[in-house]
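Peer 1: Following this message is one structure expressed as structure tokens.
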Amino acid sequence: MSAPTRPPGATGATGATGLASSAGATRQAGAAETGHVAVEPVLAAHEIQGDVLAGFRKDNAVYLFLRITDTSGARRALTALLGRVSPLVDVARFNRLFRSVRRRRGEVRGSLSATWLNIAFTATGLAALVGEEAVRQFDDDAFRLGLAARSALLGDPTDPASAGHPGNWRVGGPTNPVDAVVIVAGDSPADLTATAAWVSDIATRPHEGAPSGFAVVFEQRCAARPDLPGHEHFGFRDGVSQPGPRGRLGDGPDDYLVPRVIAPGDPRSRFFGRPGERLVWPGEFVLGLPRQPLPPRDEFDPLPGAVAGPAWARDGSYLVIRRLRQDVAAFTSFLDETAARLRRDGTFPDLTADRLAALLVGRWPSGAPLVRTPLTDDPALGADDFAVNDFSYLTAEPPCPLRPGVHPPDRFPATIADPQGRLCAHAAHIRKVNPRDQATDLGGARTTLHRRLLRRGLPFGPPLTTTVDDEVDRGLLFASYQASIEDQFEFVSQNWVNRTNRPSADPGGHDLILGQAAAAPGRRRVTYLLDAAGDPVEITTATEWITPTGGGYFFAPSISALRALAQPPA
């Protein structure tokens, strides 16, 4: 019997099967532009999984990587888990309440608590449930082939002896493939542990003589650093710059998913949620929703939503997970030695290891951007969520004024225009992955909005407390949501992070933090900093401080699609 091309489901108003035209259909509220403000769609907030557009924003998480061992058992387990899957409406409303309480009462740690759960499948997992033909309908080659098969394209080592080769991965390689991931995130470590154990039991427990549906391939526990919450293991505040998905949670004209806090009289209020949080049409992250228009089309006239896959993929999103091990001792040693050398030869007479690290990242460890405080860190700026991301590269704009009562005014130093990259190098990590207002190899600044990712993830492993490598496994579990793995995650990795001449070649260089130089002798990476005279100074290293050790390419279906996936084929 041939496999179904899509999971069976209820017939919607237009006769489409599954979710394609049911409650997941996005409602476009009116004309493309009204009174200079975009009319944004009402999102299918009960259908889209909550981590996709809102983000769980928890300090603790468990990623359970699963392999399907019995298809009927997997459907049975999925049915049992469905009631705990967290939709966008719950996660977004909770996040909004949390922000409101914190704004009124200050620190609220422990006073509000939730535990969330989302589910995503690899192409092999979906094929086991609905058949190969359904998977072939997905128009993303990267998803269909999987992360391990695309690893070399990302610059990962091709030498089988290398720790970063897929054959040596902890999860998701040829010896430990996965079909699904269950993400559990929570405020309470105890509640998180209990929920993860419950999920594992549901997934792996036989039922009345029938085999279990899943085997746990790998369990990754993640947590914010206890000594530096919000910072990754190299010591930098992480997740500062995110795009803001356009869209509303309800019919109210101001019920935006991303709060609009900039004073309406400022023209930037049309393009940003919080200062620096660039608004992007949600179809760049979720299939079937309005998409970001390219110039010369008006920004407030979005492209129609598209589902480049089976109809039931609407309101779903591709999820990339990369388990990245960080060699903190090697990174620290490089900074110390390189800063000392550049001081000795007079290139940068006052350079410290901390400032060199900031030059490579584009921010100080606190998160404060170099274009607002180029010479010293400013922890107060780094801790201010309404100021830390408010900057550009080409223009020296003043800080954004806020709506009354939102937050105290931004009185930190204003952005310094830096078109040549004297303050923040063109190859600095944050400028590589998000060029902001500067033109790139693609064209004008607006063209880069098609390449943005919604980044998630947390550190794993304890912080390094000495300057010597203790051989403990630590790093970052990187996760991102996007509407195309090829055009977003892979494009940024291959074409910007790993190349010296893109998105800018003036003077360019690899992203020395995250980049890989697969074709270079010894995989040696190179970057350039501008000295006081504006001349480029080359910095190279063959030491890789970040090693891929696992992950996968997944698809996070809508909740209606998950319900349909749990049913046996017709």
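Chains: A, B, ... in order of the structure tokens. Residues: from 1 per chain. Ligands: from 1, in order shown.
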Show which residues sit within 8 Å of A:Ala61, as a list in words. Count only C-alpha atoms, and ignore same-chain residues fewer than 6 positions away.
Peer 2: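 Close residues of A:Ala61: Ile183, Val184, Ala185, Gly186, Leu192, Arg221, Cys222, Ala223 and Leu458 of chain A.
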Peer 1: Near A:Ala127, within 12 Å and counting only C-alpha atoms, which residues show up once chain neighbours fewer than 2 positions away are dropped, as a PDB file with N, CA and C atoms, in the first residue's frame?
Peer 2:
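Saved as part_24.pdb:
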```
ATOM      1  N   ALA A   3       2.290   4.983   0.639  1.00  0.00           N
ATOM      2  CA  ALA A   3       2.254   5.851   1.821  1.00  0.00           C
ATOM      3  C   ALA A   3       1.485   7.124   1.498  1.00  0.00           C
ATOM      4  N   PRO A   4       0.771   7.688   2.501  1.00  0.00           N
ATOM      5  CA  PRO A   4       0.061   8.944   2.269  1.00  0.00           C
ATOM      6  C   PRO A   4       1.047  10.079   2.053  1.00  0.00           C
ATOM      7  N   THR A   5       0.629  11.066   1.285  1.00  0.00           N
ATOM      8  CA  THR A   5       1.506  12.201   1.028  1.00  0.00           C
ATOM      9  C   THR A   5       1.427  13.233   2.131  1.00  0.00           C
ATOM     10  N   ARG A   6       0.459  13.149   3.014  1.00  0.00           N
ATOM     11  CA  ARG A   6       0.349  14.071   4.134  1.00  0.00           C
ATOM     12  C   ARG A   6      -0.451  13.381   5.218  1.00  0.00           C
ATOM     13  N   PRO A   7      -0.303  13.785   6.462  1.00  0.00           N
ATOM     14  CA  PRO A   7      -1.079  13.144   7.512  1.00  0.00           C
ATOM     15  C   PRO A   7      -2.544  13.472   7.361  1.00  0.00           C
ATOM     16  N   ILE A  68      12.859   6.764  16.296  1.00  0.00           N
ATOM     17  CA  ILE A  68      11.628   5.972  16.229  1.00  0.00           C
ATOM     18  C   ILE A  68      11.995   4.497  16.109  1.00  0.00           C
ATOM     19  N   THR A  71       6.640   2.525  14.598  1.00  0.00           N
ATOM     20  CA  THR A  71       5.820   3.642  14.125  1.00  0.00           C
ATOM     21  C   THR A  71       4.520   3.758  14.894  1.00  0.00           C
ATOM     22  N   PHE A 121      10.641  17.186  14.241  1.00  0.00           N
ATOM     23  CA  PHE A 121      11.045  15.938  13.601  1.00  0.00           C
ATOM     24  C   PHE A 121      12.076  16.197  12.507  1.00  0.00           C
ATOM     25  N   THR A 122      12.991  15.261  12.338  1.00  0.00           N
ATOM     26  CA  THR A 122      13.878  15.269  11.177  1.00  0.00           C
ATOM     27  C   THR A 122      13.103  14.721   9.982  1.00  0.00           C
ATOM     28  N   ALA A 123      13.718  14.791   8.805  1.00  0.00           N
ATOM     29  CA  ALA A 123      13.073  14.238   7.609  1.00  0.00           C
ATOM     30  C   ALA A 123      12.839  12.740   7.755  1.00  0.00           C
ATOM     31  N   THR A 124      13.785  12.035   8.374  1.00  0.00           N
ATOM     32  CA  THR A 124      13.599  10.588   8.548  1.00  0.00           C
ATOM     33  C   THR A 124      12.461  10.296   9.515  1.00  0.00           C
ATOM     34  N   GLY A 125      12.291  11.144  10.521  1.00  0.00           N
ATOM     35  CA  GLY A 125      11.187  10.953  11.453  1.00  0.00           C
ATOM     36  C   GLY A 125       9.848  11.164  10.787  1.00  0.00           C
ATOM     37  N   LEU A 129       6.534   8.450   9.736  1.00  0.00           N
ATOM     38  CA  LEU A 129       5.136   8.661  10.137  1.00  0.00           C
ATOM     39  C   LEU A 129       4.201   8.853   8.956  1.00  0.00           C
ATOM     40  N   VAL A 130       4.660   9.532   7.897  1.00  0.00           N
ATOM     41  CA  VAL A 130       3.755   9.854   6.786  1.00  0.00           C
ATOM     42  C   VAL A 130       4.276   9.408   5.432  1.00  0.00           C
ATOM     43  N   GLY A 131       5.460   8.845   5.369  1.00  0.00           N
ATOM     44  CA  GLY A 131       5.967   8.324   4.112  1.00  0.00           C
ATOM     45  C   GLY A 131       6.940   9.250   3.405  1.00  0.00           C
ATOM     46  N   GLU A 132       7.753   8.671   2.560  1.00  0.00           N
ATOM     47  CA  GLU A 132       8.794   9.417   1.846  1.00  0.00           C
ATOM     48  C   GLU A 132       8.216  10.470   0.909  1.00  0.00           C
ATOM     49  N   GLU A 133       7.076  10.185   0.301  1.00  0.00           N
ATOM     50  CA  GLU A 133       6.509  11.130  -0.661  1.00  0.00           C
ATOM     51  C   GLU A 133       6.195  12.463  -0.003  1.00  0.00           C
ATOM     52  N   ALA A 134       5.685  12.429   1.218  1.00  0.00           N
ATOM     53  CA  ALA A 134       5.385  13.682   1.934  1.00  0.00           C
ATOM     54  C   ALA A 134       6.657  14.469   2.180  1.00  0.00           C
ATOM     55  N   VAL A 135       7.739  13.806   2.523  1.00  0.00           N
ATOM     56  CA  VAL A 135       9.001  14.492   2.792  1.00  0.00           C
ATOM     57  C   VAL A 135       9.562  15.091   1.504  1.00  0.00           C
ATOM     58  N   ARG A 136       9.377  14.401   0.385  1.00  0.00           N
ATOM     59  CA  ARG A 136       9.872  14.939  -0.885  1.00  0.00           C
ATOM     60  C   ARG A 136       9.166  16.236  -1.274  1.00  0.00           C
ATOM     61  N   GLN A 137       8.004  16.499  -0.698  1.00  0.00           N
ATOM     62  CA  GLN A 137       7.291  17.737  -1.000  1.00  0.00           C
ATOM     63  C   GLN A 137       7.937  18.957  -0.338  1.00  0.00           C
ATOM     64  N   PHE A 138       8.744  18.740   0.673  1.00  0.00           N
ATOM     65  CA  PHE A 138       9.448  19.855   1.292  1.00  0.00           C
ATOM     66  C   PHE A 138      10.505  20.368   0.314  1.00  0.00           C
ATOM     67  N   ARG A 144      15.775  17.858   3.898  1.00  0.00           N
ATOM     68  CA  ARG A 144      15.583  16.483   3.440  1.00  0.00           C
ATOM     69  C   ARG A 144      16.852  15.648   3.619  1.00  0.00           C
ATOM     70  N   ASP A 179      15.416  10.993  14.949  1.00  0.00           N
ATOM     71  CA  ASP A 179      14.188  11.230  14.199  1.00  0.00           C
ATOM     72  C   ASP A 179      13.358  12.367  14.775  1.00  0.00           C
ATOM     73  N   ALA A 180      13.603  12.716  16.027  1.00  0.00           N
ATOM     74  CA  ALA A 180      12.793  13.752  16.671  1.00  0.00           C
ATOM     75  C   ALA A 180      13.568  14.358  17.825  1.00  0.00           C
ATOM     76  N   PHE A 555      11.931  19.848  11.632  1.00  0.00           N
ATOM     77  CA  PHE A 555      10.756  20.655  11.295  1.00  0.00           C
ATOM     78  C   PHE A 555       9.808  20.603  12.479  1.00  0.00           C
ATOM     79  N   LEU A 565      -0.284  13.910  12.664  1.00  0.00           N
ATOM     80  CA  LEU A 565       0.829  12.962  12.600  1.00  0.00           C
ATOM     81  C   LEU A 565       0.645  11.798  13.566  1.00  0.00           C
TER      82      LEU A 565
END
```
Peer 1: Please, which residues of stretch 214-307 of chain A, numbered as in this document, come out helix (DSSP H, G or I) from DSSP, as a short mmCIF file (atom, residue, chain, number, x, y, z; two decimals) with N, CA and C atoms, in the first residue's frame?
Peer 2:
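Dumped everything to out31.cif:
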```cif
data_model
loop_
_atom_site.label_atom_id
_atom_site.label_comp_id
_atom_site.auth_asym_id
_atom_site.auth_seq_id
_atom_site.Cartn_x
_atom_site.Cartn_y
_atom_site.Cartn_z
N PRO A 267 10.44 58.12 13.48
CA PRO A 267 10.23 57.25 12.30
C PRO A 267 10.71 55.83 12.51
N ARG A 268 11.62 55.62 13.44
CA ARG A 268 12.11 54.26 13.68
C ARG A 268 11.04 53.35 14.29
N SER A 269 9.98 53.95 14.84
CA SER A 269 8.91 53.15 15.45
C SER A 269 8.20 52.27 14.43
N ARG A 270 8.29 52.60 13.15
CA ARG A 270 7.67 51.79 12.11
C ARG A 270 8.47 50.53 11.80
N PRO A 282 6.57 37.74 9.43
CA PRO A 282 6.74 36.42 10.07
C PRO A 282 6.96 35.27 9.12
N GLY A 283 6.65 35.47 7.82
CA GLY A 283 6.89 34.39 6.87
C GLY A 283 8.35 34.06 6.66
N GLU A 284 9.25 34.89 7.19
CA GLU A 284 10.68 34.55 7.16
C GLU A 284 11.03 33.49 8.19
#
```
Peer 1: Check the smallest atom-to-atom distance from each of A:Leu228, A:Val39, A:Leu287, A:Ala353 to A:Trp312 using only C-alpha atoms, then report the winner.
Peer 2: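 So, comparing all the options, the nearest one is A:Leu287.
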Peer 1: Determine, counting only C-alpha atoms, which protein, DNA and RNA residues have an atom within 7 Å of an atom of A:Leu514; residues of the same chain fewer than 3 positions away are not included. Present the result as a list in words.
Peer 2: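 Result of the neighbour search: Val497, Asp511 and Ile546 of chain A.
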Peer 1: Could you give me, as a list of chain:residue names, each residue of stretch 292-362 of chain A that DSSP assigns to strand (DSSP E or B) when run on this structure's backbone?
Peer 2: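 Taking stretch 292-362 of chain A and keeping strand (DSSP E or B) only, one gets A:Leu303, A:Ser317, A:Tyr318, A:Leu319, A:Val320, A:Ile321, A:Arg322, A:Arg323, A:Leu324, A:Arg325, A:Gln326.
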Peer 1: Go ahead and save the residues from that selection, with N, CA and C atoms, as a PDB file, in the first residue's frame.
Peer 2:
```pdb
ATOM      1  N   LEU A 303       5.057  40.173   0.859  1.00  0.00           N
ATOM      2  CA  LEU A 303       4.796  39.126  -0.115  1.00  0.00           C
ATOM      3  C   LEU A 303       3.800  38.130   0.474  1.00  0.00           C
ATOM      4  N   SER A 317       7.802  25.464  11.250  1.00  0.00           N
ATOM      5  CA  SER A 317       9.079  26.160  11.084  1.00  0.00           C
ATOM      6  C   SER A 317      10.216  25.154  11.110  1.00  0.00           C
ATOM      7  N   TYR A 318      11.247  25.452  10.317  1.00  0.00           N
ATOM      8  CA  TYR A 318      12.448  24.623  10.367  1.00  0.00           C
ATOM      9  C   TYR A 318      13.285  24.998  11.588  1.00  0.00           C
ATOM     10  N   LEU A 319      13.817  23.978  12.227  1.00  0.00           N
ATOM     11  CA  LEU A 319      14.643  24.147  13.422  1.00  0.00           C
ATOM     12  C   LEU A 319      16.029  23.560  13.164  1.00  0.00           C
ATOM     13  N   VAL A 320      17.054  24.367  13.370  1.00  0.00           N
ATOM     14  CA  VAL A 320      18.443  23.906  13.303  1.00  0.00           C
ATOM     15  C   VAL A 320      18.973  23.799  14.722  1.00  0.00           C
ATOM     16  N   ILE A 321      19.591  22.674  15.037  1.00  0.00           N
ATOM     17  CA  ILE A 321      20.264  22.507  16.331  1.00  0.00           C
ATOM     18  C   ILE A 321      21.708  22.115  16.055  1.00  0.00           C
ATOM     19  N   ARG A 322      22.620  22.841  16.676  1.00  0.00           N
ATOM     20  CA  ARG A 322      24.054  22.538  16.570  1.00  0.00           C
ATOM     21  C   ARG A 322      24.619  22.462  17.980  1.00  0.00           C
ATOM     22  N   ARG A 323      25.188  21.313  18.318  1.00  0.00           N
ATOM     23  CA  ARG A 323      25.869  21.178  19.611  1.00  0.00           C
ATOM     24  C   ARG A 323      27.319  21.596  19.401  1.00  0.00           C
ATOM     25  N   LEU A 324      27.696  22.728  19.983  1.00  0.00           N
ATOM     26  CA  LEU A 324      29.009  23.328  19.751  1.00  0.00           C
ATOM     27  C   LEU A 324      29.841  23.292  21.032  1.00  0.00           C
ATOM     28  N   ARG A 325      30.908  22.513  21.014  1.00  0.00           N
ATOM     29  CA  ARG A 325      31.807  22.466  22.166  1.00  0.00           C
ATOM     30  C   ARG A 325      32.755  23.659  22.117  1.00  0.00           C
ATOM     31  N   GLN A 326      32.963  24.311  23.249  1.00  0.00           N
ATOM     32  CA  GLN A 326      33.814  25.492  23.323  1.00  0.00           C
ATOM     33  C   GLN A 326      35.079  25.175  24.123  1.00  0.00           C
TER      34      GLN A 326
END
```
Peer 1: Tell me, as a PyMOL selection string, which residues lie within 12 Å of A:Pro296, counting only C-alpha atoms; anything in the same chain fewer than 5 positions away does not count.
Peer 2: chain A and resi 301-302+443-444+446-447
Peer 1: Find the residue from A:Ala190, A:Arg403, A:Arg103, A:Pro304 that sits nearest to A:Arg260; use only C-alpha atoms when measuring.
Peer 2: A:Arg403
Peer 1: Taking only residues of stretch 46-125 of chain A that have an atom at most 10 Å from an atom of stretch 477-480 of chain A, what is each one's shortest atom pair and its distance in Å to one decimal, using only C-alpha atoms, in chain and number order, as a tab-separated table?
Peer 2:
```
residue	atom	partner	partner_atom	distance
A:Asp51	CA	A:Ser480	CA	9.9
A:Val52	CA	A:Ser480	CA	8.4
A:Tyr63	CA	A:Leu477	CA	9.2
```
Peer 1: Kindly give the distance, in Å, that separates atom CA of A:Asp437 and atom CA of A:Trp364, rounded to a single decimal.
Peer 2: 20.6 Å
Peer 1: What's around A:Ala92 at 10 Å? Count only C-alpha atoms, leave out sequence neighbours fewer than 5 positions away in its own chain, and write the answer as a list in words.
Peer 2: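 What passes the distance filter is Ala45, Gly50, Asp51, Leu53, Ala54, Gly55, Phe56, Pro87, Leu97, Phe98, Leu249, Leu257 and Val258 of chain A.
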Peer 1: Pick out the closest residue to A:Leu381 from this set: A:Pro310, A:Gly230, A:Pro398, A:Pro413. Count only C-alpha atoms.
Peer 2: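 Nearest to A:Leu381: A:Pro413.
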Peer 1: Looking at A:Ile119, A:Val42, A:Ala556, A:Ala197, which one is nearest to A:Pro253, with distances taken over only C-alpha atoms?
Peer 2: A:Val42
Peer 1: Any idea what the distance is between atom CA of A:Leu375 and atom CA of A:Ala358?
Peer 2: 9.8 Å
Peer 1: Using only C-alpha atoms, which of A:Phe412, A:Phe300, A:Phe236, A:Phe386 sits nearest A:Val328?
Peer 2: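 Using only C-alpha atoms, A:Val328 sits closest to A:Phe236.
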